[in-house]
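Here is the file upload04.cif (mmCIF, C-alpha atoms, pLDDT in the B column; chains and numbers go by the auth columns).
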```
data_entry
#
loop_
_atom_site.group_PDB
_atom_site.id
_atom_site.type_symbol
_atom_site.label_atom_id
_atom_site.label_comp_id
_atom_site.label_asym_id
_atom_site.label_seq_id
_atom_site.Cartn_x
_atom_site.Cartn_y
_atom_site.Cartn_z
_atom_site.B_iso_or_equiv
_atom_site.auth_seq_id
_atom_site.auth_asym_id
ATOM 1 C CA MET A 1 0.000 0.000 0.000 96.00 1 A
ATOM 2 C CA LEU A 2 1.069 3.567 -0.711 98.00 2 A
ATOM 3 C CA HIS A 3 0.576 5.967 2.179 98.00 3 A
ATOM 4 C CA ILE A 4 0.434 9.624 1.144 98.00 4 A
ATOM 5 C CA ILE A 5 1.096 12.191 3.875 98.00 5 A
ATOM 6 C CA ASN A 6 0.831 15.949 3.388 98.00 6 A
ATOM 7 C CA LYS A 7 1.081 17.411 6.909 98.00 7 A
ATOM 8 C CA SER A 8 4.141 18.660 8.769 98.00 8 A
ATOM 9 C CA PRO A 9 5.291 16.088 11.353 98.00 9 A
ATOM 10 C CA LEU A 10 5.914 18.845 13.908 98.00 10 A
ATOM 11 C CA SER A 11 2.415 20.362 13.775 97.00 11 A
ATOM 12 C CA SER A 12 0.275 17.296 13.073 97.00 12 A
ATOM 13 C CA GLY A 13 0.219 13.720 14.331 97.00 13 A
ATOM 14 C CA THR A 14 -0.651 12.300 10.911 97.00 14 A
ATOM 15 C CA LEU A 15 2.731 10.918 9.929 98.00 15 A
ATOM 16 C CA GLU A 16 3.321 9.543 13.410 97.00 16 A
ATOM 17 C CA SER A 17 -0.061 7.742 13.305 97.00 17 A
ATOM 18 C CA CYS A 18 0.725 6.316 9.891 97.00 18 A
ATOM 19 C CA LEU A 19 4.092 5.000 11.083 96.00 19 A
ATOM 20 C CA ARG A 20 2.566 3.572 14.259 96.00 20 A
ATOM 21 C CA MET A 21 -0.086 1.577 12.378 95.00 21 A
ATOM 22 C CA ASN A 22 1.957 0.395 9.438 92.00 22 A
ATOM 23 C CA ALA A 23 4.863 -2.006 9.617 87.00 23 A
ATOM 24 C CA ALA A 24 5.567 -1.950 5.891 93.00 24 A
ATOM 25 C CA GLY A 25 4.620 -0.330 2.612 95.00 25 A
ATOM 26 C CA ASP A 26 5.565 2.768 0.661 97.00 26 A
ATOM 27 C CA ILE A 27 5.293 6.239 2.168 98.00 27 A
ATOM 28 C CA LEU A 28 5.159 9.336 -0.009 98.00 28 A
ATOM 29 C CA LEU A 29 5.719 12.678 1.697 98.00 29 A
ATOM 30 C CA THR A 30 4.116 15.632 -0.117 98.00 30 A
ATOM 31 C CA GLU A 31 3.398 19.306 0.659 98.00 31 A
ATOM 32 C CA ASP A 32 4.247 20.139 4.315 98.00 32 A
ATOM 33 C CA ALA A 33 5.120 16.495 5.052 98.00 33 A
ATOM 34 C CA VAL A 34 8.393 16.945 3.157 98.00 34 A
ATOM 35 C CA TYR A 35 9.783 18.669 6.263 98.00 35 A
ATOM 36 C CA ALA A 36 9.919 15.198 7.856 98.00 36 A
ATOM 37 C CA ALA A 37 12.574 14.169 5.331 98.00 37 A
ATOM 38 C CA THR A 38 14.969 17.034 6.093 98.00 38 A
ATOM 39 C CA LYS A 39 18.147 16.682 8.123 98.00 39 A
ATOM 40 C CA GLY A 40 18.178 18.030 11.655 97.00 40 A
ATOM 41 C CA ASN A 41 14.422 18.242 12.196 98.00 41 A
ATOM 42 C CA ALA A 42 13.049 16.815 15.427 98.00 42 A
ATOM 43 C CA PHE A 43 11.182 14.022 13.620 98.00 43 A
ATOM 44 C CA GLU A 44 14.322 12.743 11.853 98.00 44 A
ATOM 45 C CA GLY A 45 14.919 9.879 14.298 97.00 45 A
ATOM 46 C CA LYS A 46 11.392 8.537 13.887 97.00 46 A
ATOM 47 C CA LEU A 47 11.589 8.733 10.108 98.00 47 A
ATOM 48 C CA ARG A 48 14.942 6.943 10.048 97.00 48 A
ATOM 49 C CA GLU A 49 13.474 4.210 12.227 96.00 49 A
ATOM 50 C CA ALA A 50 10.573 3.811 9.779 96.00 50 A
ATOM 51 C CA MET A 51 12.991 3.657 6.859 97.00 51 A
ATOM 52 C CA GLY A 52 14.172 0.307 8.191 95.00 52 A
ATOM 53 C CA ARG A 53 10.789 -1.215 7.345 95.00 53 A
ATOM 54 C CA CYS A 54 9.166 1.127 4.797 96.00 54 A
ATOM 55 C CA LYS A 55 10.364 2.725 1.579 97.00 55 A
ATOM 56 C CA VAL A 56 10.125 6.500 1.929 98.00 56 A
ATOM 57 C CA TYR A 57 9.656 8.871 -1.012 98.00 57 A
ATOM 58 C CA VAL A 58 9.446 12.662 -1.126 98.00 58 A
ATOM 59 C CA LEU A 59 7.906 14.875 -3.806 98.00 59 A
ATOM 60 C CA GLN A 60 10.819 16.921 -5.119 98.00 60 A
ATOM 61 C CA PRO A 61 8.859 20.028 -6.277 98.00 61 A
ATOM 62 C CA ASP A 62 7.426 20.394 -2.758 98.00 62 A
ATOM 63 C CA LEU A 63 10.907 20.112 -1.260 98.00 63 A
ATOM 64 C CA GLU A 64 12.258 22.774 -3.642 98.00 64 A
ATOM 65 C CA ALA A 65 9.326 25.107 -2.899 98.00 65 A
ATOM 66 C CA ARG A 66 10.334 25.022 0.763 98.00 66 A
ATOM 67 C CA GLY A 67 14.010 25.685 0.095 98.00 67 A
ATOM 68 C CA LEU A 68 15.128 22.325 1.455 98.00 68 A
ATOM 69 C CA ALA A 69 16.276 20.325 -1.568 97.00 69 A
ATOM 70 C CA ASP A 70 19.828 20.269 -0.164 97.00 70 A
ATOM 71 C CA ARG A 71 18.732 18.911 3.235 97.00 71 A
ATOM 72 C CA LEU A 72 17.194 15.593 2.183 98.00 72 A
ATOM 73 C CA ILE A 73 17.952 12.692 4.537 98.00 73 A
ATOM 74 C CA GLU A 74 20.050 10.007 2.811 97.00 74 A
ATOM 75 C CA GLY A 75 17.984 6.985 1.822 97.00 75 A
ATOM 76 C CA VAL A 76 14.829 8.956 1.072 98.00 76 A
ATOM 77 C CA THR A 77 14.026 8.780 -2.645 98.00 77 A
ATOM 78 C CA SER A 78 12.852 11.960 -4.347 98.00 78 A
ATOM 79 C CA VAL A 79 10.274 11.684 -7.134 98.00 79 A
ATOM 80 C CA ASP A 80 8.676 14.185 -9.513 98.00 80 A
ATOM 81 C CA HIS A 81 4.956 14.296 -10.353 97.00 81 A
ATOM 82 C CA GLY A 82 5.465 11.510 -12.883 98.00 82 A
ATOM 83 C CA GLY A 83 7.092 9.395 -10.186 98.00 83 A
ATOM 84 C CA PHE A 84 4.102 10.112 -7.941 98.00 84 A
ATOM 85 C CA VAL A 85 1.804 8.639 -10.599 98.00 85 A
ATOM 86 C CA ASP A 86 4.097 5.609 -11.001 98.00 86 A
ATOM 87 C CA LEU A 87 3.846 4.918 -7.254 98.00 87 A
ATOM 88 C CA THR A 88 0.047 4.974 -7.369 97.00 88 A
ATOM 89 C CA ILE A 89 0.186 2.430 -10.189 97.00 89 A
ATOM 90 C CA SER A 90 2.800 0.087 -8.691 97.00 90 A
ATOM 91 C CA ASN A 91 0.911 -0.145 -5.388 97.00 91 A
ATOM 92 C CA ASN A 92 -2.326 -2.125 -5.106 96.00 92 A
ATOM 93 C CA ALA A 93 -3.973 0.669 -3.102 97.00 93 A
ATOM 94 C CA CYS A 94 -3.342 4.204 -1.882 97.00 94 A
ATOM 95 C CA GLN A 95 -4.301 5.877 1.338 97.00 95 A
ATOM 96 C CA SER A 96 -4.206 9.656 1.528 97.00 96 A
ATOM 97 C CA TRP A 97 -3.973 10.464 5.227 97.00 97 A
ATOM 98 C CA LEU A 98 -5.920 13.614 6.083 91.00 98 A
ATOM 99 C CA MET B 1 -1.044 61.423 12.311 51.00 1 B
ATOM 100 C CA SER B 2 1.228 63.068 14.881 58.00 2 B
ATOM 101 C CA ASP B 3 -1.287 62.789 17.735 68.00 3 B
ATOM 102 C CA ALA B 4 -2.692 59.463 16.576 80.00 4 B
ATOM 103 C CA VAL B 5 -2.692 56.528 18.973 87.00 5 B
ATOM 104 C CA VAL B 6 0.051 54.049 18.207 90.00 6 B
ATOM 105 C CA LYS B 7 -0.673 50.533 19.363 93.00 7 B
ATOM 106 C CA LYS B 8 1.656 47.597 19.654 95.00 8 B
ATOM 107 C CA PHE B 9 0.594 44.993 17.078 96.00 9 B
ATOM 108 C CA MET B 10 2.047 41.495 17.058 97.00 10 B
ATOM 109 C CA PHE B 11 1.585 38.991 14.250 98.00 11 B
ATOM 110 C CA VAL B 12 2.184 35.428 15.383 98.00 12 B
ATOM 111 C CA ASN B 13 3.071 33.169 12.448 98.00 13 B
ATOM 112 C CA ARG B 14 3.008 29.457 13.233 98.00 14 B
ATOM 113 C CA LYS B 15 2.229 27.805 9.876 98.00 15 B
ATOM 114 C CA ALA B 16 4.571 26.493 7.198 98.00 16 B
ATOM 115 C CA PRO B 17 4.577 28.677 4.060 98.00 17 B
ATOM 116 C CA HIS B 18 3.040 26.715 1.173 97.00 18 B
ATOM 117 C CA GLY B 19 0.737 24.048 2.596 96.00 19 B
ATOM 118 C CA THR B 20 -1.877 26.579 3.690 96.00 20 B
ATOM 119 C CA ILE B 21 -2.728 30.187 2.795 97.00 21 B
ATOM 120 C CA TYR B 22 -2.015 31.538 6.300 97.00 22 B
ATOM 121 C CA ALA B 23 1.564 32.701 5.711 98.00 23 B
ATOM 122 C CA LEU B 24 0.682 34.687 2.597 97.00 24 B
ATOM 123 C CA GLU B 25 -2.446 36.175 4.205 97.00 25 B
ATOM 124 C CA SER B 26 -0.435 37.228 7.251 97.00 26 B
ATOM 125 C CA LEU B 27 2.065 38.987 5.028 96.00 27 B
ATOM 126 C CA GLU B 28 -0.751 40.870 3.265 95.00 28 B
ATOM 127 C CA VAL B 29 -2.218 42.104 6.563 95.00 29 B
ATOM 128 C CA VAL B 30 1.221 43.051 7.890 96.00 30 B
ATOM 129 C CA LEU B 31 1.821 45.261 4.862 92.00 31 B
ATOM 130 C CA ILE B 32 -1.577 46.938 5.339 91.00 32 B
ATOM 131 C CA THR B 33 -0.863 47.551 9.015 89.00 33 B
ATOM 132 C CA ALA B 34 2.455 49.153 8.111 86.00 34 B
ATOM 133 C CA ALA B 35 0.543 51.837 6.212 89.00 35 B
ATOM 134 C CA PHE B 36 -1.093 52.955 9.467 91.00 36 B
ATOM 135 C CA ASP B 37 2.171 53.763 11.270 90.00 37 B
ATOM 136 C CA GLN B 38 1.669 51.260 14.051 92.00 38 B
ATOM 137 C CA ASP B 39 4.286 49.516 16.194 94.00 39 B
ATOM 138 C CA VAL B 40 4.450 46.157 14.405 96.00 40 B
ATOM 139 C CA SER B 41 6.247 43.010 15.565 97.00 41 B
ATOM 140 C CA LEU B 42 6.367 39.749 13.637 98.00 42 B
ATOM 141 C CA VAL B 43 6.867 36.466 15.418 98.00 43 B
ATOM 142 C CA PHE B 44 7.852 33.229 13.712 98.00 44 B
ATOM 143 C CA ALA B 45 7.356 30.143 15.853 98.00 45 B
ATOM 144 C CA ASP B 46 6.689 26.434 15.321 98.00 46 B
ATOM 145 C CA ASP B 47 6.413 25.697 11.569 98.00 47 B
ATOM 146 C CA GLY B 48 6.181 29.458 10.969 98.00 48 B
ATOM 147 C CA VAL B 49 9.978 29.566 11.093 98.00 49 B
ATOM 148 C CA TYR B 50 9.955 27.761 7.727 98.00 50 B
ATOM 149 C CA GLN B 51 8.413 30.883 6.147 98.00 51 B
ATOM 150 C CA LEU B 52 11.811 32.561 6.409 98.00 52 B
ATOM 151 C CA LYS B 53 13.870 29.709 4.896 98.00 53 B
ATOM 152 C CA LYS B 54 16.265 30.838 2.187 98.00 54 B
ATOM 153 C CA GLY B 55 16.170 29.291 -1.280 98.00 55 B
ATOM 154 C CA GLN B 56 12.435 28.681 -1.749 98.00 56 B
ATOM 155 C CA GLN B 57 11.730 27.840 -5.404 98.00 57 B
ATOM 156 C CA THR B 58 8.019 27.433 -6.133 98.00 58 B
ATOM 157 C CA LYS B 59 8.186 26.948 -9.908 97.00 59 B
ATOM 158 C CA GLY B 60 7.566 23.210 -9.516 97.00 60 B
ATOM 159 C CA ILE B 61 4.354 23.672 -7.529 97.00 61 B
ATOM 160 C CA GLU B 62 3.128 26.569 -9.690 96.00 62 B
ATOM 161 C CA THR B 63 2.378 28.980 -6.853 95.00 63 B
ATOM 162 C CA LYS B 64 3.578 32.492 -6.096 94.00 64 B
ATOM 163 C CA ASN B 65 6.939 32.576 -4.348 97.00 65 B
ATOM 164 C CA PHE B 66 6.211 35.249 -1.762 97.00 66 B
ATOM 165 C CA SER B 67 9.339 34.589 0.299 97.00 67 B
ATOM 166 C CA PRO B 68 11.308 37.546 -1.203 97.00 68 B
ATOM 167 C CA THR B 69 8.648 39.844 0.288 97.00 69 B
ATOM 168 C CA TYR B 70 10.083 39.267 3.769 98.00 70 B
ATOM 169 C CA ARG B 71 13.211 41.056 2.576 97.00 71 B
ATOM 170 C CA ALA B 72 11.094 44.069 1.584 95.00 72 B
ATOM 171 C CA LEU B 73 9.535 44.525 5.043 96.00 73 B
ATOM 172 C CA GLU B 74 12.420 46.738 6.102 95.00 74 B
ATOM 173 C CA GLY B 75 11.351 49.221 3.410 94.00 75 B
ATOM 174 C CA TYR B 76 7.977 49.496 5.142 93.00 76 B
ATOM 175 C CA ASP B 77 9.682 50.185 8.494 93.00 77 B
ATOM 176 C CA ILE B 78 8.826 46.722 9.776 95.00 78 B
ATOM 177 C CA GLU B 79 12.056 45.777 11.445 95.00 79 B
ATOM 178 C CA LYS B 80 10.960 43.863 14.539 98.00 80 B
ATOM 179 C CA LEU B 81 11.191 40.231 13.477 98.00 81 B
ATOM 180 C CA TYR B 82 11.444 37.599 16.172 98.00 82 B
ATOM 181 C CA VAL B 83 12.114 33.874 15.877 98.00 83 B
ATOM 182 C CA GLU B 84 11.614 31.449 18.715 98.00 84 B
ATOM 183 C CA LYS B 85 14.914 29.649 19.356 98.00 85 B
ATOM 184 C CA GLU B 86 13.320 26.339 20.338 98.00 86 B
ATOM 185 C CA SER B 87 11.253 26.198 17.122 98.00 87 B
ATOM 186 C CA MET B 88 14.245 27.030 14.928 98.00 88 B
ATOM 187 C CA GLU B 89 16.444 24.394 16.515 98.00 89 B
ATOM 188 C CA ALA B 90 13.757 21.677 16.373 98.00 90 B
ATOM 189 C CA ARG B 91 13.765 22.161 12.600 98.00 91 B
ATOM 190 C CA GLY B 92 17.522 21.907 12.160 98.00 92 B
ATOM 191 C CA LEU B 93 17.726 25.559 11.152 98.00 93 B
ATOM 192 C CA SER B 94 20.051 28.376 12.177 98.00 94 B
ATOM 193 C CA GLU B 95 19.987 32.144 11.609 98.00 95 B
ATOM 194 C CA ASP B 96 22.181 31.623 8.533 98.00 96 B
ATOM 195 C CA ASP B 97 19.315 29.692 6.918 98.00 97 B
ATOM 196 C CA LEU B 98 16.954 32.659 7.150 98.00 98 B
ATOM 197 C CA LEU B 99 16.171 35.248 4.461 98.00 99 B
ATOM 198 C CA VAL B 100 16.274 38.204 6.831 98.00 100 B
ATOM 199 C CA ASP B 101 17.968 39.387 10.014 98.00 101 B
ATOM 200 C CA VAL B 102 15.913 38.401 13.029 98.00 102 B
ATOM 201 C CA THR B 103 16.111 38.562 16.789 98.00 103 B
ATOM 202 C CA VAL B 104 16.169 35.068 18.263 98.00 104 B
ATOM 203 C CA LEU B 105 14.269 34.771 21.545 98.00 105 B
ATOM 204 C CA SER B 106 13.779 31.926 23.986 98.00 106 B
ATOM 205 C CA SER B 107 10.222 30.729 24.657 98.00 107 B
ATOM 206 C CA ALA B 108 10.148 32.651 27.930 98.00 108 B
ATOM 207 C CA GLU B 109 11.383 35.855 26.298 98.00 109 B
ATOM 208 C CA MET B 110 8.782 35.446 23.552 98.00 110 B
ATOM 209 C CA GLY B 111 6.030 35.070 26.142 97.00 111 B
ATOM 210 C CA LYS B 112 7.137 38.259 27.856 98.00 112 B
ATOM 211 C CA LEU B 113 7.094 40.161 24.549 98.00 113 B
ATOM 212 C CA MET B 114 3.592 38.842 23.773 98.00 114 B
ATOM 213 C CA ALA B 115 2.322 40.025 27.130 98.00 115 B
ATOM 214 C CA GLU B 116 3.403 43.594 26.299 97.00 116 B
ATOM 215 C CA GLN B 117 1.242 43.834 23.154 98.00 117 B
ATOM 216 C CA ASP B 118 -2.020 45.742 22.672 97.00 118 B
ATOM 217 C CA VAL B 119 -3.188 43.586 19.762 96.00 119 B
ATOM 218 C CA VAL B 120 -2.108 40.054 18.807 97.00 120 B
ATOM 219 C CA LEU B 121 -3.115 38.564 15.460 97.00 121 B
ATOM 220 C CA SER B 122 -2.571 34.853 14.996 97.00 122 B
ATOM 221 C CA PHE B 123 -1.853 33.145 11.685 98.00 123 B
#
```
Structure re-expressed in structure tokens:
Amino acid sequence: MLHIINKSPLSSGTLESCLRMNAAGDILLTEDAVYAATKGNAFEGKLREAMGRCKVYVLQPDLEARGLADRLIEGVTSVDHGGFVDLTISNNACQSWL
Amino acid sequence: MSDAVVKKFMFVNRKAPHGTIYALESLEVVLITAAFDQDVSLVFADDGVYQLKKGQQTKGIETKNFSPTYRALEGYDIEKLYVEKESMEARGLSEDDLLVDVTVLSSAEMGKLMAEQDVVLSF
């Protein structure tokens, strides 16, 4: 399953809930969720822990919009909008966490 | 305007810049307030600190990049910009990462400054 998160990890519990409930699967961070994939943020440890069991992707245009393209945590894969579509196709289902 | 009442206005910005409209709307109201010769302070706390991050490039998400506007605030005599230290550090950011010169305050110092205001607007 592809889990799509669009909320900042430091102002919303959405990403944390997703990680708590899901032991595996793909996670795509979009919009304000891209902050979770940046070095030095307070959620970094939790994301790195999740990366041991899930594949984590980040939407590159959203990272660039926030001025953080050079802060991406190693091991997180950046995708463009085309890559976003590919992920929705390669997974059997998608869940957009609100 | 010489005998006009000048109030202390504080704008508290706590939202990240592009995920919601709050940051842009705050900036619009701040610029309007500046026209009325008031004592304006801007606070950036929690995800609001991200509003000031250097290097924002919004071409890929096809929205207006309003971040350069923060650099123009000085021209409107808005020079009191405060960033909460705890929020900045929790996001792996330092003053060098920010578009403008700011005063970094601890949470306690920020609370004291808030308590001195006549009007506080929250975004």
With all atoms listed in the file as the counted atoms, please give the residues lying no more than 10 Å from Arg91 (chain B), apart from itself and same-chain residues fewer than 2 positions off, as a PyMOL selection string. (chain A and resi 10+35-36+38-44) or (chain B and resi 46-47+49-50+86-89+93-94)
Could you make a table, as CSV, of the residues of chain A that have an atom within 12 Å of an atom of chain B, each with its nearest atom pair and distance in Å to one decimal, counting all atoms listed in the file, in chain and number order?
```
residue,atom,partner,partner_atom,distance
A:Ile5,CA,B:Gly19,CA,11.9
A:Asn6,CA,B:Gly19,CA,8.1
A:Lys7,CA,B:Gly19,CA,7.9
A:Ser8,CA,B:Asp47,CA,7.9
A:Pro9,CA,B:Asp47,CA,9.7
A:Leu10,CA,B:Asp47,CA,7.3
A:Ser11,CA,B:Asp47,CA,7.0
A:Ser12,CA,B:Asp47,CA,10.5
A:Thr30,CA,B:Gly19,CA,9.5
A:Glu31,CA,B:Gly19,CA,5.8
A:Asp32,CA,B:Gly19,CA,5.5
A:Ala33,CA,B:Gly19,CA,9.1
A:Val34,CA,B:Gly19,CA,10.5
A:Tyr35,CA,B:Arg91,CA,8.3
A:Ala36,CA,B:Arg91,CA,9.3
A:Ala37,CA,B:Arg91,CA,10.9
A:Thr38,CA,B:Gly92,CA,8.2
A:Lys39,CA,B:Gly92,CA,6.6
A:Gly40,CA,B:Gly92,CA,4.0
A:Asn41,CA,B:Arg91,CA,4.0
A:Ala42,CA,B:Ala90,CA,5.0
A:Phe43,CA,B:Ala90,CA,8.5
A:Glu44,CA,B:Arg91,CA,9.5
A:Leu59,CA,B:Gly60,CA,10.1
A:Gln60,CA,B:Gly60,CA,8.3
A:Pro61,CA,B:Gly60,CA,4.7
A:Asp62,CA,B:Ile61,CA,6.6
A:Leu63,CA,B:Gln56,CA,8.7
A:Glu64,CA,B:Gln57,CA,5.4
A:Ala65,CA,B:Thr58,CA,4.2
A:Arg66,CA,B:Gln56,CA,4.9
A:Gly67,CA,B:Gln56,CA,3.9
A:Leu68,CA,B:Gly55,CA,7.6
A:Ala69,CA,B:Gly55,CA,9.0
A:Asp70,CA,B:Gly55,CA,9.8
A:Arg71,CA,B:Gly92,CA,9.5
A:Leu72,CA,B:Gly92,CA,11.8
A:Ile73,CA,B:Gly92,CA,12.0
A:Asp80,CA,B:Gly60,CA,9.1
A:His81,CA,B:Gly60,CA,9.3
```
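With distances restricted to only C-alpha atoms, A:Leu15 is the closest residue to Lys46 (chain A) from A:Ala24, A:Ile4, A:Leu29, A:Leu15.
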Ranking B:Ala35, B:Val120, B:Ile78, B:Val6 by minimum distance to Val100 (chain B) and counting all atoms listed in the file, which one comes first? B:Ile78
I'd like the neighbourhood of region 82-96 of chain A as an NGL selection string, where a residue qualifies if any of its atoms comes within 6 Å (using all atoms listed in the file), though same-chain residues fewer than 5 positions away should be ignored. :A and (1-4)
Counting all atoms listed in the file, what is within 10 Å of Val56 (chain A), bar same-chain residues fewer than 3 positions away, as a list of chain:residue names?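 Contacts, with the query itself left out: A:Leu2, A:His3, A:Gly25, A:Asp26, A:Ile27, A:Leu28, A:Leu29, A:Ala37, A:Leu47, A:Arg48, A:Ala50, A:Met51, A:Gly52, A:Arg53, A:Gly75, A:Val76, A:Thr77, A:Ser78.
CA of Ile21 (chain B) lies 24.9 Å from CA of Ser17 (chain A).
If you look at CA of Gly111 (chain B) and CA of Glu25 (chain B), they are 23.5 Å away from each other.
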Once the PyMOL selection byres ((chain B and resi 82) around 9) has been evaluated on this model, what residues remain selected, and can you format them as JSON, numbers by chain? {"B": [41, 42, 43, 44, 45, 80, 81, 83, 84, 102, 103, 104, 105, 110]}
Around all the atoms of region 60-73 of chain A listed in the file, draw an axis-aligned box and extend it by 6 Å on each of the six sides; I want its centre and edge lengths in Å to one decimal, as JSON.
```
{"center_x": 13.6, "center_y": 19.2, "center_z": -0.9, "size_x": 24.4, "size_y": 25.0, "size_z": 22.8}
```
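Pairwise distance (CA of Lys112 (chain B), CA of Gly13 (chain A)) equals 28.9 Å.
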